[in-house]
Each structure stands twice: as C-alpha cells, then as structure tokens.
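Asker: What follows is protein06.cif, mmCIF, C-alpha atoms; chains and numbers go by the auth columns.
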```cif
data_model
#
loop_
_atom_site.group_PDB
_atom_site.id
_atom_site.type_symbol
_atom_site.label_atom_id
_atom_site.label_comp_id
_atom_site.label_asym_id
_atom_site.label_seq_id
_atom_site.Cartn_x
_atom_site.Cartn_y
_atom_site.Cartn_z
_atom_site.B_iso_or_equiv
_atom_site.auth_seq_id
_atom_site.auth_asym_id
ATOM 1 C CA MET A 1 -2.841 46.970 43.884 0.00 15 A
ATOM 2 C CA ARG A 2 -5.551 47.442 41.317 0.00 16 A
ATOM 3 C CA THR A 3 -2.995 47.798 38.499 0.00 17 A
ATOM 4 C CA PHE A 4 -1.253 44.639 39.668 0.00 18 A
ATOM 5 C CA SER A 5 -4.560 42.679 39.658 0.00 19 A
ATOM 6 C CA LEU A 6 -5.378 43.855 36.163 0.00 20 A
ATOM 7 C CA MET A 7 -1.933 42.859 34.990 0.00 21 A
ATOM 8 C CA ILE A 8 -2.359 39.345 36.422 0.00 22 A
ATOM 9 C CA LEU A 9 -5.798 38.980 34.843 0.00 23 A
ATOM 10 C CA SER A 10 -4.598 40.152 31.445 0.00 24 A
ATOM 11 C CA THR A 11 -1.585 37.813 31.645 0.00 25 A
ATOM 12 C CA LEU A 12 -3.874 34.905 32.489 0.00 26 A
ATOM 13 C CA ALA A 13 -6.224 35.801 29.655 0.00 27 A
ATOM 14 C CA LEU A 14 -3.293 36.034 27.239 0.00 28 A
ATOM 15 C CA GLY A 15 -1.961 32.664 28.429 0.00 29 A
ATOM 16 C CA VAL A 16 -5.345 31.013 27.914 0.00 30 A
ATOM 17 C CA GLY A 17 -5.644 32.534 24.440 0.00 31 A
ATOM 18 C CA LEU A 18 -2.164 31.403 23.393 0.00 32 A
ATOM 19 C CA SER A 19 -2.577 27.913 24.755 0.00 33 A
ATOM 20 C CA SER A 20 -5.606 27.387 22.543 0.00 34 A
ATOM 21 C CA CYS A 21 -3.408 28.205 19.508 0.00 35 A
ATOM 22 C CA ALA A 22 -0.646 25.793 20.476 0.00 36 A
ATOM 23 C CA PRO A 23 -0.409 22.580 18.447 0.00 37 A
ATOM 24 C CA ARG A 24 -1.955 19.592 20.130 0.00 38 A
ATOM 25 C CA ALA A 25 -0.274 16.223 20.243 0.00 39 A
ATOM 26 C CA GLN A 26 -1.855 13.857 17.745 0.00 40 A
ATOM 27 C CA SER A 27 -2.263 10.194 18.422 0.00 41 A
ATOM 28 C CA ALA A 28 -1.252 7.539 15.909 0.00 42 A
ATOM 29 C CA THR A 29 -4.934 6.810 15.301 0.00 43 A
ATOM 30 C CA ASP A 30 -5.688 10.435 14.400 0.00 44 A
ATOM 31 C CA PRO A 31 -6.180 10.569 10.586 0.00 45 A
ATOM 32 C CA ALA A 32 -4.863 14.138 10.503 0.00 46 A
ATOM 33 C CA ALA A 33 -1.548 12.852 11.875 0.00 47 A
ATOM 34 C CA ALA A 34 -0.826 10.940 8.649 0.00 48 A
ATOM 35 C CA VAL A 35 0.936 13.703 6.731 0.00 49 A
ATOM 36 C CA GLN A 36 1.888 12.703 3.217 0.00 50 A
ATOM 37 C CA VAL A 37 5.012 14.129 1.646 0.00 51 A
ATOM 38 C CA SER A 38 5.641 14.042 -2.102 0.00 52 A
ATOM 39 C CA PRO A 39 8.497 11.753 -3.125 0.00 53 A
ATOM 40 C CA ALA A 40 11.615 13.554 -4.332 0.00 54 A
ATOM 41 C CA LEU A 41 14.177 12.141 -6.771 0.00 55 A
ATOM 42 C CA ILE A 42 17.790 13.142 -6.224 0.00 56 A
ATOM 43 C CA LYS A 43 19.908 10.923 -8.471 0.00 57 A
ATOM 44 C CA LEU A 44 19.580 8.149 -11.059 0.00 58 A
ATOM 45 C CA SER A 45 22.242 5.689 -12.122 0.00 59 A
ATOM 46 C CA ALA A 46 23.710 5.832 -15.631 0.00 60 A
ATOM 47 C CA PRO A 47 21.413 5.027 -18.562 0.00 61 A
ATOM 48 C CA ALA A 48 20.740 1.295 -18.773 0.00 62 A
ATOM 49 C CA ALA A 49 19.792 -1.235 -21.405 0.00 63 A
ATOM 50 C CA ARG A 50 16.870 -3.599 -21.081 0.00 64 A
ATOM 51 C CA GLY A 51 17.848 -6.298 -18.608 0.00 65 A
ATOM 52 C CA GLN A 52 20.223 -4.069 -16.610 0.00 66 A
ATOM 53 C CA ASN A 53 19.682 -2.631 -13.141 0.00 67 A
ATOM 54 C CA VAL A 54 18.816 0.994 -12.425 0.00 68 A
ATOM 55 C CA THR A 55 19.330 2.669 -9.053 0.00 69 A
ATOM 56 C CA VAL A 56 17.044 5.524 -8.013 0.00 70 A
ATOM 57 C CA GLN A 57 18.013 7.672 -5.031 0.00 71 A
ATOM 58 C CA GLY A 58 15.678 10.081 -3.312 0.00 72 A
ATOM 59 C CA ARG A 59 13.522 10.780 -0.291 0.00 73 A
ATOM 60 C CA TYR A 60 10.038 9.675 0.730 0.00 74 A
ATOM 61 C CA LEU A 61 10.006 6.954 -1.949 0.00 75 A
ATOM 62 C CA GLY A 62 7.456 4.849 -0.107 0.00 76 A
ATOM 63 C CA GLY A 63 7.685 1.129 -0.704 0.00 77 A
ATOM 64 C CA PRO A 64 6.646 -1.573 -3.153 0.00 78 A
ATOM 65 C CA GLY A 65 3.219 -1.804 -1.520 0.00 79 A
ATOM 66 C CA ASN A 66 2.220 1.804 -2.188 0.00 80 A
ATOM 67 C CA GLY A 67 4.655 3.056 -4.817 0.00 81 A
ATOM 68 C CA ARG A 68 5.447 2.544 -8.447 0.00 82 A
ATOM 69 C CA VAL A 69 8.279 3.374 -10.828 0.00 83 A
ATOM 70 C CA ILE A 70 7.251 5.012 -14.104 0.00 84 A
ATOM 71 C CA LEU A 71 9.552 5.062 -17.156 0.00 85 A
ATOM 72 C CA GLY A 72 8.935 6.884 -20.401 0.00 86 A
ATOM 73 C CA ALA A 73 6.739 9.610 -18.936 0.00 87 A
ATOM 74 C CA ASP A 74 6.715 13.173 -20.196 0.00 88 A
ATOM 75 C CA LEU A 75 8.085 16.064 -18.125 0.00 89 A
ATOM 76 C CA ASN A 76 4.730 16.408 -16.334 0.00 90 A
ATOM 77 C CA GLY A 77 4.751 12.724 -15.404 0.00 91 A
ATOM 78 C CA ASP A 78 1.971 11.805 -17.816 0.00 92 A
ATOM 79 C CA GLY A 79 1.973 8.584 -19.798 0.00 93 A
ATOM 80 C CA GLY A 80 4.790 6.180 -19.412 0.00 94 A
ATOM 81 C CA TYR A 81 5.322 2.568 -18.502 0.00 95 A
ATOM 82 C CA THR A 82 4.900 1.232 -14.972 0.00 96 A
ATOM 83 C CA VAL A 83 7.739 -1.089 -14.014 0.00 97 A
ATOM 84 C CA PRO A 84 6.164 -4.377 -12.832 0.00 98 A
ATOM 85 C CA ALA A 85 6.636 -5.514 -9.233 0.00 99 A
ATOM 86 C CA ALA A 86 8.589 -8.553 -10.446 0.00 100 A
ATOM 87 C CA ALA A 87 11.320 -6.227 -11.782 0.00 101 A
ATOM 88 C CA ILE A 88 11.922 -4.573 -8.389 0.00 102 A
ATOM 89 C CA VAL A 89 15.179 -5.812 -6.842 0.00 103 A
ATOM 90 C CA SER A 90 14.952 -3.727 -3.643 0.00 104 A
ATOM 91 C CA TRP A 91 12.972 -0.745 -2.387 0.00 105 A
ATOM 92 C CA THR A 92 13.529 1.476 0.644 0.00 106 A
ATOM 93 C CA ASP A 93 12.305 4.956 1.481 0.00 107 A
ATOM 94 C CA SER A 94 15.518 6.407 0.017 0.00 108 A
ATOM 95 C CA MET A 95 16.628 3.962 -2.711 0.00 109 A
ATOM 96 C CA ILE A 96 15.040 1.743 -5.349 0.00 110 A
ATOM 97 C CA VAL A 97 16.862 -0.789 -7.497 0.00 111 A
ATOM 98 C CA PHE A 98 15.003 -2.344 -10.414 0.00 112 A
ATOM 99 C CA THR A 99 15.815 -4.292 -13.560 0.00 113 A
ATOM 100 C CA VAL A 100 14.705 -2.653 -16.800 0.00 114 A
ATOM 101 C CA PRO A 101 12.121 -5.073 -18.248 0.00 115 A
ATOM 102 C CA SER A 102 12.548 -6.439 -21.767 0.00 116 A
ATOM 103 C CA ASN A 103 9.395 -4.622 -22.900 0.00 117 A
ATOM 104 C CA ALA A 104 10.247 -1.228 -21.364 0.00 118 A
ATOM 105 C CA PRO A 105 10.118 1.720 -23.782 0.00 119 A
ATOM 106 C CA VAL A 106 13.425 2.471 -25.478 0.00 120 A
ATOM 107 C CA GLY A 107 14.757 6.006 -25.852 0.00 121 A
ATOM 108 C CA GLY A 108 15.044 9.148 -23.817 0.00 122 A
ATOM 109 C CA SER A 109 12.213 10.399 -21.643 0.00 123 A
ATOM 110 C CA PHE A 110 11.642 10.833 -17.922 0.00 124 A
ATOM 111 C CA LEU A 111 11.541 8.608 -14.855 0.00 125 A
ATOM 112 C CA LEU A 112 9.435 9.341 -11.802 0.00 126 A
ATOM 113 C CA ILE A 113 8.090 7.653 -8.692 0.00 127 A
ATOM 114 C CA GLN A 114 4.471 7.722 -7.621 0.00 128 A
ATOM 115 C CA VAL A 115 3.545 6.992 -4.003 0.00 129 A
ATOM 116 C CA GLY A 116 -0.191 6.781 -3.565 0.00 130 A
ATOM 117 C CA ALA A 117 -1.548 9.795 -5.442 0.00 131 A
ATOM 118 C CA LEU A 118 1.664 11.846 -5.069 0.00 132 A
ATOM 119 C CA ARG A 119 4.258 12.041 -7.851 0.00 133 A
ATOM 120 C CA SER A 120 7.924 12.878 -7.585 0.00 134 A
ATOM 121 C CA ASN A 121 9.797 15.311 -9.738 0.00 135 A
ATOM 122 C CA ALA A 122 10.686 13.783 -13.126 0.00 136 A
ATOM 123 C CA LEU A 123 14.340 13.229 -14.023 0.00 137 A
ATOM 124 C CA PRO A 124 15.578 12.620 -17.586 0.00 138 A
ATOM 125 C CA TYR A 125 16.379 8.965 -18.244 0.00 139 A
ATOM 126 C CA SER A 126 17.266 6.869 -21.245 0.00 140 A
ATOM 127 C CA VAL A 127 16.738 3.151 -21.881 0.00 141 A
ATOM 128 C CA SER A 128 18.488 1.352 -24.715 0.00 142 A
ATOM 129 C CA GLU A 129 17.990 -2.000 -26.418 0.00 143 A
ATOM 130 C CA ALA A 130 19.646 -4.909 -24.669 0.00 144 A
ATOM 131 C CA VAL A 131 23.217 -5.447 -25.770 0.00 145 A
ATOM 132 C CA PRO A 132 23.418 -8.856 -27.511 0.00 146 A
ATOM 133 C CA ALA A 133 25.643 -11.394 -25.772 0.00 147 A
ATOM 134 C CA ASN A 134 28.781 -12.475 -27.668 0.00 148 A
#
```
Can you present the structure in this file as structure tokens?
Answerer:
Amino acid sequence: MRTFSLMILSTLALGVGLSSCAPRAQSATDPAAAVQVSPALIKLSAPAARGQNVTVQGRYLGGPGNGRVILGADLNGDGGYTVPAAAIVSWTDSMIVFTVPSNAPVGGSFLLIQVGALRSNALPYSVSEAVPAN
C-alpha cells in the first residue's frame, strides 16, 4: 500500500509540474498574443515600365495601413524608393498590385515589402522607362 501511495503522490506532483509548463491561452487583449511574422515574397510579375502594373505575391504582406512597397533597394533592403499609397491598386495579405509611378527608379535592383519594422526577402526586379504611345 505504501508503494501505491508514493506512486500516486509522485504522479500528482509530476502532473502539477507539467501543467505549469503547458502553454496558457492568451486573450486578444494580451500584448504577447500579437505575434509578428516577417513578410515573405514568393513571386513577382514580369518586369514593368513606368505606368504599368506590378503584381507581388507572398505571405504576411500586411496591408496599406501598415505596409509599404520598396523598389530599387539593394539586396539587404537598404535604400530604395517607397511606392506612394496613391499607386496601390489593391493590397491583401497575400497579393499586392501597384502601378509603377512615373518617378520610380529605372533599372535593375530589388523589390521588397516592409510591414511595420519587419522586411521581407528581396527579389530582383527591373523597371524600365515608359514605352511612348504611338
């Protein structure tokens, strides 16, 4: 009987110890519950000229209120040109469509998305001069 009692007590003690390690449910008002995930770029549409639309596909792209599209950055995401809000055609958490502004940098460089303080991976992208209308 004594062995059985010790086994029950040790099982109870183990259960109490493990339950304190279990994750607790977090309420929506708990600041620790707001986990931020870096945006990730998956695919860009073909190179565009100024005035043409570009489609960016990815994950965790945020939205126009907390994100920005950066053209002409280096591989580390430094420098570049922020696409103005007026050039955004549509923006969801997985796809952004924007029109390349007339003053966007021309040439090959990188495109990335920044959501809050988090930056996506940079993908190579090229912008060309607008094609003159005939």
Asker: How would you write, as a PyMOL selection string, the residues chosen by the PyMOL selection byres ((chain A and resi 120) around 9) on this structure?
Answerer: chain A and resi 63-64+86+117-119+121-123+140-143
Asker: Quick one: which residues end up in the PyMOL selection byres ((chain A and resi 124-135) around 6) for this structure, as a count of residues only?
Answerer: 18
Asker: Could you produce a table of the residues of range 109-146 of chain A lying within 10 Å of range 98-103 of chain A, with the nearest pair of atoms per residue and their separation in Å rounded to one decimal, using all atoms listed in the file, ordered by chain and increasing residue number, as a tab-separated table?
Answerer:
```
residue	atom	partner	partner_atom	distance
A:Ile110	CA	A:Ile102	CA	7.7
A:Val111	CA	A:Val103	CA	5.3
A:Phe112	CA	A:Ile102	CA	4.3
A:Thr113	CA	A:Ala101	CA	5.2
A:Val114	CA	A:Ala101	CA	7.0
A:Pro115	CA	A:Ala101	CA	6.6
A:Ala118	CA	A:Pro98	CA	10.0
```
Asker: Which residue is closest to Lys57 in chain A? Choose from A:Tyr74, A:Met109, A:Val97, A:Asp92 and count only C-alpha atoms.
Answerer: A:Met109
Asker: Quote the spacing between CA of Gly79 in chain A and CA of Ser116 in chain A in Å to one decimal place.
Answerer: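 Going from CA of Gly79 in chain A over to CA of Ser116 in chain A, I get 22.8 Å.
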Asker: What is the distance between CA of Gln71 in chain A and CA of Ser104 in chain A, in Å to one decimal?
Answerer: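 The value is 11.9 Å.
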Asker: Suppose you want the space between CA of Trp105 in chain A and CA of Pro78 in chain A; what is it in Å?
Answerer: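 Separation between CA of Trp105 in chain A and CA of Pro78 in chain A: 6.4 Å.
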